[in-house]
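Structure below is protein_37.txt: compact mmCIF, C-alpha atoms.
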# COMPACT_ATOMS: atom_id res chain seq x y z
CA MET J 1 95.60 -9.50 138.27
CA TRP J 2 95.18 -12.92 139.78
CA ARG J 3 97.33 -12.31 142.82
CA VAL J 4 94.79 -9.79 144.05
CA LEU J 5 91.83 -12.15 143.88
CA LYS J 6 90.54 -13.21 147.27
CA HIS J 7 87.74 -15.47 148.46
CA PHE J 8 85.86 -16.01 145.21
CA ARG J 9 83.03 -17.78 146.95
CA ARG J 10 82.09 -15.01 149.31
CA ARG J 11 79.07 -13.01 148.37
CA ALA J 12 79.90 -9.85 146.45
CA VAL J 13 79.22 -6.55 148.21
CA SER J 14 78.59 -3.46 146.14
CA VAL J 15 81.70 -1.30 145.85
CA THR J 16 81.43 2.28 144.63
CA GLN J 17 83.86 4.53 142.81
CA GLN J 18 83.79 6.87 145.80
CA GLN J 19 84.94 4.07 148.12
CA VAL J 20 87.83 3.38 145.78
CA LEU J 21 88.81 7.06 145.70
CA GLU J 22 88.67 7.27 149.50
CA ALA J 23 90.98 4.27 149.78
CA LEU J 24 93.38 5.78 147.25
CA LYS J 25 93.66 8.99 149.25
CA ARG J 26 95.89 7.05 151.65
CA VAL J 27 98.37 6.36 148.84
CA ARG J 28 101.05 9.00 148.30
CA SER J 29 102.26 9.59 144.77
CA PRO J 30 105.85 10.43 143.71
CA ARG J 31 104.55 13.97 143.17
CA GLY J 32 104.05 14.35 146.93
CA VAL J 33 100.23 14.41 146.89
CA ALA J 34 97.52 11.84 147.44
CA LEU J 35 97.03 9.64 144.38
CA PRO J 36 93.55 10.99 143.44
CA ASP J 37 95.01 14.52 143.47
CA ALA J 38 97.94 13.70 141.17
CA GLY J 39 95.90 13.94 137.98
CA VAL J 40 96.94 10.52 136.70
CA LEU J 41 93.91 8.29 137.26
CA SER J 42 91.74 6.97 134.46
CA PRO J 43 87.97 6.59 135.03
CA ILE J 44 87.38 3.92 137.67
CA THR J 45 85.21 0.92 136.87
CA ALA J 46 83.67 -0.72 139.95
CA ASN J 47 81.13 -3.45 139.31
CA ASP J 48 80.14 -6.55 141.30
CA GLY J 49 83.24 -6.32 143.48
CA LYS J 50 85.60 -5.96 140.49
CA VAL J 51 87.68 -2.78 140.20
CA PHE J 52 89.63 -1.65 137.13
CA PHE J 53 91.54 1.53 136.41
CA SER J 54 94.92 2.72 135.18
CA ILE J 55 97.55 5.19 136.35
CA ASN J 56 98.67 7.24 133.35
CA VAL J 57 102.13 8.81 133.52
CA GLU J 58 104.93 9.76 131.17
CA ALA J 59 107.24 6.95 130.10
CA SER J 60 110.22 8.63 131.79
CA GLU J 61 108.41 8.44 135.16
CA ALA J 62 107.21 4.85 134.91
CA ARG J 63 109.85 3.29 137.15
CA ALA J 64 109.17 5.76 139.98
CA TRP J 65 105.43 5.03 139.83
CA GLU J 66 105.57 1.25 140.04
CA THR J 67 105.67 1.28 143.87
CA THR J 68 102.67 3.62 143.88
CA ARG J 69 100.79 1.25 141.59
CA ALA J 70 101.47 -1.67 143.93
CA GLU J 71 100.34 0.35 146.97
CA ALA J 72 97.18 1.41 145.15
CA GLU J 73 96.45 -2.20 144.28
CA ALA J 74 96.84 -3.23 147.92
CA ALA J 75 94.62 -0.37 149.10
CA VAL J 76 91.82 -1.32 146.70
CA ARG J 77 92.13 -4.98 147.55
CA ALA J 78 91.57 -4.14 151.23
CA ILE J 79 88.16 -2.56 150.56
CA PRO J 80 85.39 -4.84 151.91
CA GLY J 81 83.56 -6.45 149.03
CA VAL J 82 86.38 -6.22 146.46
CA THR J 83 86.91 -9.63 144.88
CA MET J 84 89.17 -8.56 142.02
CA ALA J 85 91.32 -5.52 141.36
CA MET J 86 93.54 -4.66 138.44
CA ILE J 87 95.51 -1.43 138.37
CA ALA J 88 97.67 -0.97 135.28
CA LEU J 89 100.52 1.49 134.96
CA THR J 90 100.22 3.20 131.58
CA ALA J 91 103.48 4.85 130.52
CA GLU J 92 102.99 7.08 127.49
CA ARG J 93 105.45 9.29 125.67
CA LYS J 94 104.53 12.89 124.91
CA ALA J 95 104.53 13.95 121.29
CA GLY J 96 108.03 15.01 120.25
CA ALA J 97 109.69 13.56 123.34
CA ALA J 98 112.50 11.06 123.15
CA ALA J 99 111.53 7.49 123.75
CA ALA J 100 112.29 6.17 127.21
CA PRO J 101 114.80 3.33 127.47
CA ALA J 102 113.16 -0.08 127.22
CA PRO J 103 112.91 -1.91 130.57
CA ARG J 104 115.38 -4.72 131.10
CA GLN J 105 112.73 -7.19 132.14
CA GLY J 106 109.02 -7.52 132.79
CA GLY J 107 107.91 -5.18 130.00
CA VAL J 108 107.33 -5.36 126.29
CA GLN J 109 110.46 -4.65 124.27
CA PRO J 110 110.31 -2.74 121.00
CA VAL J 111 110.01 -4.76 117.80
CA SER J 112 112.39 -4.01 114.96
CA ALA J 113 110.77 -2.90 111.78
CA HIS J 114 113.17 -5.14 109.87
CA ARG J 115 113.57 -8.88 109.88
CA PRO J 116 116.77 -10.16 111.52
CA HIS J 117 119.68 -10.75 109.18
CA GLN J 118 119.71 -14.36 108.06
CA HIS J 119 123.12 -14.90 109.69
CA GLN J 120 122.12 -13.48 113.08
CA ASN J 121 122.91 -15.81 115.94
CA PRO J 122 119.62 -16.68 117.71
CA ALA J 123 121.49 -16.65 121.03
CA ASP J 124 122.08 -12.92 120.53
CA SER J 125 118.35 -12.22 120.40
CA PRO J 126 116.63 -10.87 123.54
CA MET J 127 113.98 -13.53 122.87
CA SER J 128 116.53 -16.18 123.80
CA ARG J 129 116.79 -14.79 127.34
CA GLN J 130 113.12 -15.00 128.28
CA ALA J 131 112.30 -16.74 131.54
CA PRO J 132 110.51 -20.07 131.01
CA ILE J 133 107.27 -20.88 132.80
CA PRO J 134 108.12 -23.52 135.43
CA GLY J 135 106.65 -26.91 134.66
CA ILE J 136 105.67 -26.15 131.05
CA ALA J 137 107.80 -27.74 128.32
CA ALA J 138 106.39 -25.84 125.35
CA VAL J 139 104.12 -22.82 124.93
CA ILE J 140 102.53 -22.36 121.50
CA ALA J 141 100.25 -19.62 120.20
CA VAL J 142 97.22 -20.16 117.99
CA ALA J 143 96.77 -16.89 116.14
CA SER J 144 94.96 -15.27 113.24
CA GLY J 145 95.37 -12.01 111.41
CA LYS J 146 91.67 -11.22 111.71
CA GLY J 147 88.63 -12.34 113.65
CA GLY J 148 85.88 -14.66 112.47
CA VAL J 149 88.10 -17.42 111.07
CA GLY J 150 87.38 -20.02 113.78
CA LYS J 151 90.62 -19.58 115.71
CA SER J 152 89.22 -20.43 119.16
CA THR J 153 87.41 -23.53 117.94
CA THR J 154 90.63 -24.61 116.24
CA ALA J 155 92.67 -23.92 119.39
CA ILE J 156 90.56 -26.08 121.69
CA ASN J 157 90.28 -28.94 119.22
CA LEU J 158 94.03 -28.78 118.61
CA ALA J 159 94.57 -28.97 122.38
CA LEU J 160 92.28 -32.00 122.55
CA GLY J 161 94.12 -33.58 119.64
CA LEU J 162 97.43 -33.15 121.47
CA ARG J 163 95.80 -34.68 124.56
CA ASP J 164 94.75 -37.70 122.49
CA LEU J 165 98.40 -38.17 121.51
CA GLY J 166 99.23 -38.76 125.17
CA LEU J 167 100.47 -35.28 126.10
CA LYS J 168 99.62 -33.26 129.20
CA VAL J 169 97.99 -30.14 127.79
CA GLY J 170 96.78 -26.77 129.07
CA LEU J 171 94.66 -24.17 127.28
CA LEU J 172 94.97 -20.46 127.98
CA ASP J 173 92.31 -18.17 126.54
CA ALA J 174 94.29 -14.97 126.04
CA ASP J 175 91.65 -13.39 123.82
CA ILE J 176 91.11 -10.52 126.25
CA TYR J 177 88.63 -8.73 124.01
CA GLY J 178 86.37 -11.70 123.31
CA PRO J 179 87.08 -14.78 125.46
CA SER J 180 85.40 -17.83 123.92
CA VAL J 181 86.75 -20.70 126.00
CA PRO J 182 84.04 -20.53 128.72
CA ARG J 183 81.40 -21.11 126.03
CA LEU J 184 83.49 -23.72 124.19
CA THR J 185 84.03 -25.73 127.38
CA GLY J 186 80.75 -25.07 129.17
CA LEU J 187 82.69 -23.95 132.24
CA GLN J 188 81.20 -21.24 134.45
CA GLU J 189 82.99 -21.74 137.78
CA LYS J 190 85.31 -19.20 139.35
CA PRO J 191 88.91 -20.38 139.80
CA GLN J 192 90.22 -20.85 143.32
CA LEU J 193 93.54 -19.70 144.81
CA THR J 194 96.47 -21.69 146.14
CA PRO J 195 97.96 -20.72 149.53
CA GLU J 196 100.60 -18.87 147.48
CA LYS J 197 97.79 -16.78 145.90
CA LYS J 198 98.12 -18.36 142.47
CA MET J 199 95.08 -19.16 140.39
CA ILE J 200 94.17 -22.84 140.03
CA PRO J 201 93.15 -23.56 136.42
CA LEU J 202 89.82 -25.25 135.84
CA SER J 203 89.80 -28.77 134.48
CA ARG J 204 87.67 -30.29 131.73
CA PHE J 205 88.27 -32.86 129.01
CA GLY J 206 91.60 -33.66 130.66
CA LEU J 207 92.86 -30.11 129.97
CA SER J 208 94.01 -27.45 132.45
CA ILE J 209 92.08 -24.34 131.39
CA MET J 210 92.28 -20.64 132.22
CA SER J 211 90.41 -17.68 130.71
CA ILE J 212 89.69 -14.05 131.54
CA GLY J 213 86.12 -15.07 130.79
CA PHE J 214 86.01 -17.03 134.05
CA LEU J 215 86.38 -13.75 135.94
CA VAL J 216 84.07 -11.38 134.08
CA GLU J 217 80.49 -11.78 132.98
CA GLU J 218 79.95 -12.95 129.41
CA ASP J 219 78.12 -9.76 128.42
CA SER J 220 80.44 -7.36 130.29
CA ALA J 221 81.97 -4.58 128.21
CA LEU J 222 85.50 -3.92 129.43
CA VAL J 223 87.70 -1.36 127.72
CA TRP J 224 91.26 -2.70 127.84
CA ARG J 225 94.15 -0.30 127.35
CA GLY J 226 97.37 -1.75 125.98
CA PRO J 227 99.19 -1.98 129.34
CA MET J 228 96.16 -3.64 130.93
CA VAL J 229 96.19 -6.26 128.17
CA MET J 230 99.90 -6.88 128.76
CA SER J 231 99.45 -7.14 132.52
CA ALA J 232 96.52 -9.53 132.24
CA ILE J 233 98.26 -11.88 129.81
CA ASN J 234 101.50 -11.95 131.79
CA GLN J 235 99.67 -12.78 134.99
CA MET J 236 97.51 -15.45 133.35
CA LEU J 237 100.73 -17.08 132.22
CA ARG J 238 102.88 -16.70 135.33
CA ASP J 239 100.44 -16.34 138.26
CA VAL J 240 98.55 -19.54 137.50
CA ALA J 241 99.41 -22.90 139.07
CA TRP J 242 99.69 -24.77 135.78
CA GLY J 243 101.52 -27.75 137.24
CA THR J 244 103.46 -29.94 134.82
CA LEU J 245 102.44 -29.65 131.16
CA ASP J 246 103.94 -30.85 127.92
CA VAL J 247 102.20 -28.14 125.92
CA LEU J 248 100.31 -24.97 126.81
CA VAL J 249 98.11 -23.88 123.88
CA VAL J 250 97.40 -20.13 123.95
CA ASP J 251 94.34 -18.88 122.08
CA MET J 252 95.40 -15.39 121.04
CA PRO J 253 93.23 -12.41 120.16
CA PRO J 254 93.11 -11.73 116.43
CA GLY J 255 95.52 -9.24 114.90
CA THR J 256 99.12 -8.20 115.54
CA GLY J 257 98.85 -5.86 118.53
CA ASP J 258 99.80 -5.63 122.20
CA ALA J 259 98.66 -9.11 123.16
CA GLN J 260 100.71 -10.83 120.49
CA LEU J 261 103.82 -8.78 121.25
CA THR J 262 103.45 -9.33 124.99
CA LEU J 263 103.36 -13.08 124.53
CA ALA J 264 106.14 -13.20 121.95
CA GLN J 265 108.49 -10.94 123.88
CA ASN J 266 107.92 -12.20 127.42
CA VAL J 267 107.48 -15.95 126.99
CA PRO J 268 109.83 -18.37 125.20
CA LEU J 269 107.29 -19.45 122.60
CA LYS J 270 108.17 -22.69 120.86
CA GLY J 271 106.02 -21.77 117.92
CA ALA J 272 102.87 -20.24 116.48
CA VAL J 273 100.05 -21.78 114.47
CA ILE J 274 98.30 -19.43 112.04
CA VAL J 275 94.60 -20.00 111.30
CA SER J 276 93.06 -18.59 108.12
CA THR J 277 90.17 -19.15 105.76
CA PRO J 278 91.01 -19.64 102.07
CA GLN J 279 89.81 -16.25 100.91
CA ASP J 280 92.25 -13.53 99.90
CA LEU J 281 91.17 -11.01 102.56
CA SER J 282 91.85 -13.49 105.35
CA LEU J 283 95.16 -14.55 103.82
CA ILE J 284 96.40 -10.96 103.65
CA ASP J 285 95.92 -10.64 107.41
CA ALA J 286 97.35 -14.11 108.06
CA ARG J 287 100.46 -13.03 106.15
CA ARG J 288 100.84 -10.05 108.51
CA GLY J 289 100.53 -12.29 111.54
CA LEU J 290 103.13 -14.68 110.20
CA ALA J 291 105.50 -11.80 109.46
CA MET J 292 105.10 -10.48 113.01
CA PHE J 293 106.07 -13.79 114.60
CA ARG J 294 109.05 -14.05 112.31
CA LYS J 295 110.20 -10.56 113.28
CA VAL J 296 110.29 -11.55 116.93
CA ASN J 297 112.03 -14.86 116.18
CA VAL J 298 109.06 -17.12 116.99
CA PRO J 299 109.00 -20.25 114.78
CA VAL J 300 105.87 -20.62 112.68
CA LEU J 301 104.72 -24.22 113.10
CA GLY J 302 102.37 -23.93 110.15
CA ILE J 303 99.15 -22.64 108.65
CA ILE J 304 95.71 -24.21 109.00
CA GLU J 305 93.01 -23.59 106.41
CA ASN J 306 89.74 -23.43 108.36
CA MET J 307 86.30 -23.42 106.68
CA SER J 308 88.16 -24.89 103.75
CA TYR J 309 85.08 -26.22 101.97
CA PHE J 310 81.45 -27.16 102.58
CA GLN J 311 80.02 -30.55 101.72
CA CYS J 312 76.24 -30.74 101.69
CA PRO J 313 75.10 -33.43 104.15
CA GLU J 314 72.03 -34.15 102.01
CA CYS J 315 73.36 -34.41 98.46
CA GLY J 316 77.10 -34.64 99.00
CA THR J 317 77.83 -31.67 96.72
CA ARG J 318 80.99 -29.83 97.67
CA SER J 319 81.04 -26.01 97.63
CA ASP J 320 84.14 -23.88 98.08
CA ILE J 321 82.31 -21.03 99.80
CA PHE J 322 85.44 -19.05 100.69
CA GLY J 323 87.52 -20.41 97.85
CA HIS J 324 89.88 -23.33 98.42
CA GLY J 325 93.58 -23.99 98.72
CA GLY J 326 94.60 -20.40 99.42
CA ALA J 327 96.24 -21.22 102.75
CA ARG J 328 98.13 -24.18 101.27
CA HIS J 329 99.48 -22.01 98.46
CA GLU J 330 100.41 -19.28 100.95
CA ALA J 331 102.26 -21.78 103.13
CA GLU J 332 104.20 -23.05 100.14
CA ARG J 333 105.01 -19.51 99.02
CA LEU J 334 106.26 -18.51 102.48
CA GLY J 335 108.12 -21.74 103.14
CA VAL J 336 106.17 -22.86 106.24
CA PRO J 337 104.35 -26.16 106.86
CA PHE J 338 100.76 -26.53 105.75
CA LEU J 339 99.06 -28.32 108.63
CA GLY J 340 95.73 -29.24 107.08
CA GLU J 341 92.22 -28.35 105.91
CA ILE J 342 89.23 -28.18 108.25
CA PRO J 343 85.81 -28.12 106.55
CA LEU J 344 82.93 -25.79 107.27
CA HIS J 345 80.56 -28.21 108.95
CA MET J 346 77.53 -27.91 111.21
CA ASP J 347 78.81 -30.57 113.63
CA ILE J 348 81.94 -28.54 114.39
CA ARG J 349 79.85 -25.43 114.98
CA SER J 350 77.09 -27.09 117.02
CA THR J 351 79.39 -29.04 119.32
CA SER J 352 81.45 -25.91 119.97
CA ASP J 353 78.35 -23.88 120.84
CA ALA J 354 77.21 -26.68 123.17
CA GLY J 355 80.50 -26.61 125.11
CA ASN J 356 81.52 -30.09 123.96
CA PRO J 357 84.01 -29.71 121.07
CA VAL J 358 83.96 -32.21 118.25
CA VAL J 359 87.22 -33.99 119.14
CA GLU J 360 85.69 -34.76 122.55
CA SER J 361 82.08 -35.37 121.53
CA GLU J 362 82.72 -37.31 118.29
CA PRO J 363 86.19 -38.82 118.80
CA SER J 364 85.71 -41.46 116.09
CA GLY J 365 84.36 -39.00 113.53
CA PRO J 366 86.15 -37.62 110.46
CA HIS J 367 86.55 -34.12 111.91
CA ALA J 368 88.26 -35.35 115.06
CA ALA J 369 90.64 -37.30 112.81
CA ILE J 370 91.56 -34.09 110.97
CA TYR J 371 92.35 -32.26 114.19
CA ARG J 372 94.42 -35.17 115.48
CA THR J 373 96.42 -35.24 112.24
CA ILE J 374 97.15 -31.52 112.66
CA ALA J 375 98.04 -32.11 116.31
CA SER J 376 100.45 -34.86 115.29
CA ALA J 377 102.26 -32.50 112.91
CA VAL J 378 102.53 -29.89 115.68
CA ARG J 379 103.74 -32.45 118.23
CA ASP J 380 106.47 -33.65 115.87
CA GLN J 381 107.87 -30.11 115.69
CA LEU J 382 107.82 -29.81 119.50
CA LYS J 383 109.29 -33.20 120.33
CA ASP J 384 112.76 -31.86 121.18
CA ALA J 385 111.35 -29.28 123.60
CA ILE J 386 109.07 -31.84 125.23
CA ALA J 387 111.84 -34.42 125.53
CA ALA J 388 114.21 -31.89 127.09
CA ALA J 389 111.75 -30.80 129.79
Same coordinates, now as structure tokens:
Amino acid sequence: MWRVLKHFRRRAVSVTQQQVLEALKRVRSPRGVALPDAGVLSPITANDGKVFFSINVEASEARAWETTRAEAEAAVRAIPGVTMAMIALTAERKAGAAAAPAPRQGGVQPVSAHRPHQHQNPADSPMSRQAPIPGIAAVIAVASGKGGVGKSTTAINLALGLRDLGLKVGLLDADIYGPSVPRLTGLQEKPQLTPEKKMIPLSRFGLSIMSIGFLVEEDSALVWRGPMVMSAINQMLRDVAWGTLDVLVVDMPPGTGDAQLTLAQNVPLKGAVIVSTPQDLSLIDARRGLAMFRKVNVPVLGIIENMSYFQCPECGTRSDIFGHGGARHEAERLGVPFLGEIPLHMDIRSTSDAGNPVVESEPSGPHAAIYRTIASAVRDQLKDAIAAA
């Protein structure tokens, strides 16, 4: 996606769907006809110079259509007024058809329905052959089985805690469906491009930061198909000039879908942090998320219990609104580290909403100390990877 961004600062010119179709008529498909006549295009979204659509073909044809996709992307990019274009190739299998062979590289590989045998050699896993991201010692995912558990707030404060431990840290907002990092950081600028057409991450609080939210309006409703999610996340990881980082913290979308599998199967993750509230419903989903990372051989660095308890600022009475201790017990049951408890507190919420997270805005406060303790436990598990970089 990012390699097709050009001249962010120029004034956007209205681009219509008809202009896009006219440009695509110059692209020949493998079926021997102009692309708009091949019957493979999804509805085209053209808004404020941003163009999105997908090319939908059978899985067995995907390899032959990749050149067409690239030519279509170039044709759309050349339209005056286009500032961003993303064309995804959607390869779908017809009902009853045999599955196409998995691509050797660049795509999402299938996940086994069974956990690897305990004696399996990790070097035999396809995960061990993933290409690293140059300059980044360790990539970790902050994930949750469901939304609404405070994952994004936890991710940015964890990143700030790692920063306070003396590490060079980046933060990638990979929550394609609901990017929160622009609000959490107060950043509204558009990223610039290097001469090599890579995105330059924005900088705040000493972090290198990238988010899909920097490129779309906060109230925009974008419908992301699975392949578009995969393409966006891969390009945010590999087409960004991250520089040299000790740790890249990735704020994942909730759940166990395309985004999680894309990251786990295409990037050598050093670990995942699971965020959950104490209540049973949240823990059930957290358990699924943990199981998914284990299936794809990603180490689970631990579980964080967010909104662990509420302590009244007036009377000091403690209330376990969502229960208490559920995440700790789950961590013990599953044999993974328990990283800590974060309370439900107005200061954490208000500083996040104001774009000045609590570790940055109240560095000497008790909540910042909790996040730094969690960050220290995460750093200790990553020390070999960081030292080897």
Per residue of segment 256-345 of chain J within 9 Å of segment 372-376 of chain J, what are the shortest atom pair and its distance in Å to one decimal, counting all atoms listed in the file, with rows by chain and residue number, as CSV?
residue,atom,partner,partner_atom,distance
J:Ile304,CA,J:Ile374,CA,8.3
J:Leu339,CA,J:Ile374,CA,5.5
J:Gly340,CA,J:Ile374,CA,6.2
J:Glu341,CA,J:Ile374,CA,8.9
Would you output that residue set with C-alpha atoms, as a PDB file, keeping the file's coordinate frame?
ATOM      1  CA  ILE J 304      95.710 -24.210 109.000  1.00  0.00           C
ATOM      2  CA  LEU J 339      99.060 -28.320 108.630  1.00  0.00           C
ATOM      3  CA  GLY J 340      95.730 -29.240 107.080  1.00  0.00           C
ATOM      4  CA  GLU J 341      92.220 -28.350 105.910  1.00  0.00           C
TER       5      GLU J 341
END
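With atom CA of Leu172 of chain J on one side and atom CA of Ala143 of chain J on the other, the separation reads 12.5 Å.
Distance check against Val20 of chain J using all atoms listed in the file: of J:Asp37, J:Glu314, J:Glu73, J:Asp164, the minimum falls on J:Glu73.
For Thr244 of chain J, the residues within 7 Å (counting all atoms listed in the file, excluding itself and residues fewer than 2 positions away along the chain) are Gly135, Ile136, Trp242 and Asp246 of chain J.
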I need the residues from that last selection saved to file as a PDB file, in the frame of the given file (with C-alpha atoms), if you can.
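Result went into out.pdb, see below:
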ATOM      1  CA  GLY J 135     106.650 -26.910 134.660  1.00  0.00           C
ATOM      2  CA  ILE J 136     105.670 -26.150 131.050  1.00  0.00           C
ATOM      3  CA  TRP J 242      99.690 -24.770 135.780  1.00  0.00           C
ATOM      4  CA  ASP J 246     103.940 -30.850 127.920  1.00  0.00           C
TER       5      ASP J 246
END
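Between atom CA of Ala272 of chain J and atom CA of Gly302 of chain J the interatomic distance comes to 7.3 Å.
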*Any idea what's packed within 8 Å of Ala388 of chain J, counting only C-alpha atoms, ignoring anything in its chain fewer than 3 positions away? Could you give it as a ChimeraX atom specification?*
/J:137,384-385
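Across the model, the gap from atom CA of Ile233 of chain J to atom CA of Leu21 of chain J is 26.5 Å.
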*For Leu382 of chain J, work out the shell of residues within 8 Å, counting only C-alpha atoms and skipping chain neighbours fewer than 4 positions away, then give it as number ranges by chain.*
J: 138, 270, 378, 386
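Counting all atoms listed in the file and comparing J:Val15, J:Thr277, J:Pro268, J:Pro80, the residue that lies closest to Gln130 of chain J is J:Pro268.
With only C-alpha atoms as the atoms that count, the residue of J:Lys197, J:Val249, J:Phe338, J:Arg288 with the shortest distance to Gly161 of chain J is J:Val249.
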*Using all atoms listed in the file, which of J:Ile133, J:Ile200, J:Ile342, J:Ala174 sits nearest Arg238 of chain J?*
J:Ile133
